[in-house]
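Beneath this line is the structure, given in structure tokens, with notes to follow.
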Amino acid sequence: MVQVAVLGYGTVGSGVVKVIDTNHDSILEKTGIDLNVKYILDLRDFPGDPNQDKIVHDFEVIAGDPEVDIVVEVMGGTKPAFSFSKRALEAGKSVCTSNKELVARHGTELLQTAKEHHASYLFEASCGGGIPIIRPLRTSLCADVIDEITGILNGTTNYILSKMIDEGLEFDDVLKDAQQKGYAERNPEADVEGYDACRKIAILSSLAYGKRVDFTDIYTEGITKITSLDILYARKMNRTIKLLAYSKMQDGCVTAMVAPYLVGKEDPLYSVNGVFNAIFVHGNMLGDAMFYGQGAGKEATASAVVADVIEAAAFLGSGAVSSWKPEKQALTDVSGTEKRFFVRVKGEVSEAAEMEKVFGPVETVQAGIEGEYGFVTACMTEKQYEDCAAQVQGILGMIRMRDK
Ligand code: HSE
């Protein structure tokens with residue numbers, strides 16, 4: 001029997017216990033691994049809960065029990081999740097987590113500790129919830145050289161944007177609705193400012209390119225400036241607006257960015273709506289592949305955590321191979337990256353020639369909004385765009401165009 005301790009009996013933690021209880025026999029039949037939850041660590045008591053006798057309040061009970069093989073860390077945050085994970089690994093116990101903040105900040109060190117102690121540190125559920133993406137990058141696609149990952153990696157912002165687009169609503173109103181429905185946190189900053197997607201693309205990029213991508217180096221913009229007027233223009237262009245997190249490897253250089261993009265109908269990411277996530281991967285032999293599914297939610301996330309528990313159980317004593325090099329992956333300055341830009345500007349479309357004097361040839365877009373019009377630039381670098389934008393008056397907003 002493989003003994004498991006779960007740190008945190010919140011949404012994901014209770015989901016992990018549920019998956020192990022519900023699917024115990026099927027897991028045993030398929031893998032020969034007999035999982036048992038021995039402890040659940042939480043500050044609270046859960047009187048009347050069927051697992052109340054497993055609740056402990058002191059991590060030492062778990063750290064000091066040699067029977068515990070695998071620790072599931074689903075507490076969130078970095079304190080005390082980091083010290084508990086580190087101590088568990090140092091004691092030779094494998095750790096499986098959904099904690100993207102911890103993996104993005106301290107994953108390199110925890111992977112190294114796991115290796116030194118012949119244990120596993122696994123984090124499938126940290127990116128894309130229930131969607132298998134970490135394991136494919138670690139194993140199924142390891143014969144390929146991955147040169148692009150572009151994802152809709154945050155369900156909250158995808159839900160908000162989808163609702164704004166479908167119902168023509170404003171950001172603030174949809175956010176309130178999402179908070180009432182439990183799709184957005186009371187403090188939504190990490191989601192709406194793009195920080196959550198940024199951590200996830202840093203983790204995926206570290207795995208794909210083999211060196212530590214520091215999330216603090218990634219240029220990140222959220223969705224708070226998107227308005228219902230932007231959506232009118234998007235519709236006119238047969239496009240939608242998505243918060244994309246991407247990284248590309250070209251000639252040994254990696255570029256990464258998180259920002260809202262105008263995405264066309266022909267793009268596979270166009271139809272990814274609501275709380276769903278999708279991750280588009282390009283490999284030099286594979287070509288294009290896309291992974292799609294529920295990027296959050298109790299059972300979906302817990303399913304991914306338990307898949308890691310099963311892998312960790314299969315590699316007890318040796319540790320599953322999962323790592324990237326501790327050296328930092330240098331990122332190229334986004335100012336040199338090229339794309340087309342959609343710009344909203346005050347004035348009449350008849351004045352677009354003034355813009356062309358600065359930006360060069362543009363395609364104008366009218367959405368029937370009084371006192372303003374839009375235009376799409378030719379392909380230019382971020383720096384060229386900034387330089388041009390600084391020379392004209394009346395810019396109301398800019399959204400990048402995703403052109404495949
Ligand atoms: N807040 C995250 C999201 C949860 O909306 O995608 C899953 O990581």
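All residue names refer to the structure tokens as shown: chains lettered A, B, ... in order, residues numbered from 1 in each chain, ligands numbered from 1 in order.
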
Please, which residues of stretch 89-196 of chain A, numbered as in this document, come out alpha helix (DSSP H) from DSSP, as a ChimeraX atom specification? /A:89-90,100-116,134-135,155-167,171-180,189-192,195-196

Could you give me, as number ranges by chain, every polymer residue with an atom at most 7 Å away from an atom of ligand 1, counting only C-alpha atoms and all ligand atoms? A: 126-129, 153-157, 184, 191, 196, 295-296

Prev. selection, C-alpha atoms, output as an mmCIF file, in the first residue's frame:
data_model
loop_
_atom_site.group_PDB
_atom_site.id
_atom_site.type_symbol
_atom_site.label_atom_id
_atom_site.label_comp_id
_atom_site.auth_asym_id
_atom_site.auth_seq_id
_atom_site.Cartn_x
_atom_site.Cartn_y
_atom_site.Cartn_z
ATOM 1 C CA SER A 126 -0.070 23.620 -11.930
ATOM 2 C CA CYS A 127 -0.811 24.462 -15.595
ATOM 3 C CA GLY A 128 -4.077 23.873 -17.395
ATOM 4 C CA GLY A 129 -5.845 22.195 -14.435
ATOM 5 C CA LEU A 153 -3.939 29.455 -19.564
ATOM 6 C CA ASN A 154 -6.346 31.300 -17.307
ATOM 7 C CA GLY A 155 -9.974 30.247 -17.050
ATOM 8 C CA THR A 156 -11.150 33.310 -15.127
ATOM 9 C CA THR A 157 -10.028 35.807 -17.765
ATOM 10 C CA ALA A 184 -13.191 34.764 -9.988
ATOM 11 C CA ASP A 191 -5.938 36.484 -12.839
ATOM 12 C CA ASP A 196 -1.348 33.639 -13.134
ATOM 13 C CA GLY A 295 -8.243 24.474 -16.845
ATOM 14 C CA ALA A 296 -9.600 24.612 -13.313
#

Which polymer residues have any atom within 8 Å of an atom of stretch 375-392 of chain A, counting only C-alpha atoms, with same-chain residues fewer than 2 positions away left out, as a ChimeraX atom specification? /A:334-344,355,358-365,373,394-395

Which residue out of A:Phe276, A:Tyr261, A:Tyr9, A:Tyr39 has the minimum interatomic distance to A:Met401 when only C-alpha atoms are used?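 When distances to A:Met401 are compared using only C-alpha atoms, the smallest one comes from A:Tyr261.
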
Fewer than 3 positions away in the same chain doesn't count, so skip those; otherwise give me all residues within 9 Å of A:Ala208, counting only C-alpha atoms, as a list in words.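 Contacts, in chain order: Leu137, Arg138, Cys142, Val145, Ile146, Asp147, Glu148, Ile149, Ile203, Leu204, Ser205, Lys211 and Trp324 of chain A.
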
Between A:Ile134, A:Leu175, A:Val258, A:Ile226, which one has atoms that come closest to A:Tyr195, using only C-alpha atoms?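 Checking each of A:Ile134, A:Leu175, A:Val258, A:Ile226 against A:Tyr195, counting only C-alpha atoms, the winner is A:Val258.
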
Atomic distance atom CA of A:Ala81 - atom CA of A:Leu7, expressed in Å with one decimal: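 Distance reported for this atom pair: 8.5 Å.
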
Report as a PyMOL selection string all protein, DNA and RNA residues lying within 9 Å of A:Asp267, evaluated on only C-alpha atoms, omitting residues in the same chain fewer than 4 positions from it. chain A and resi 263+271+402-404
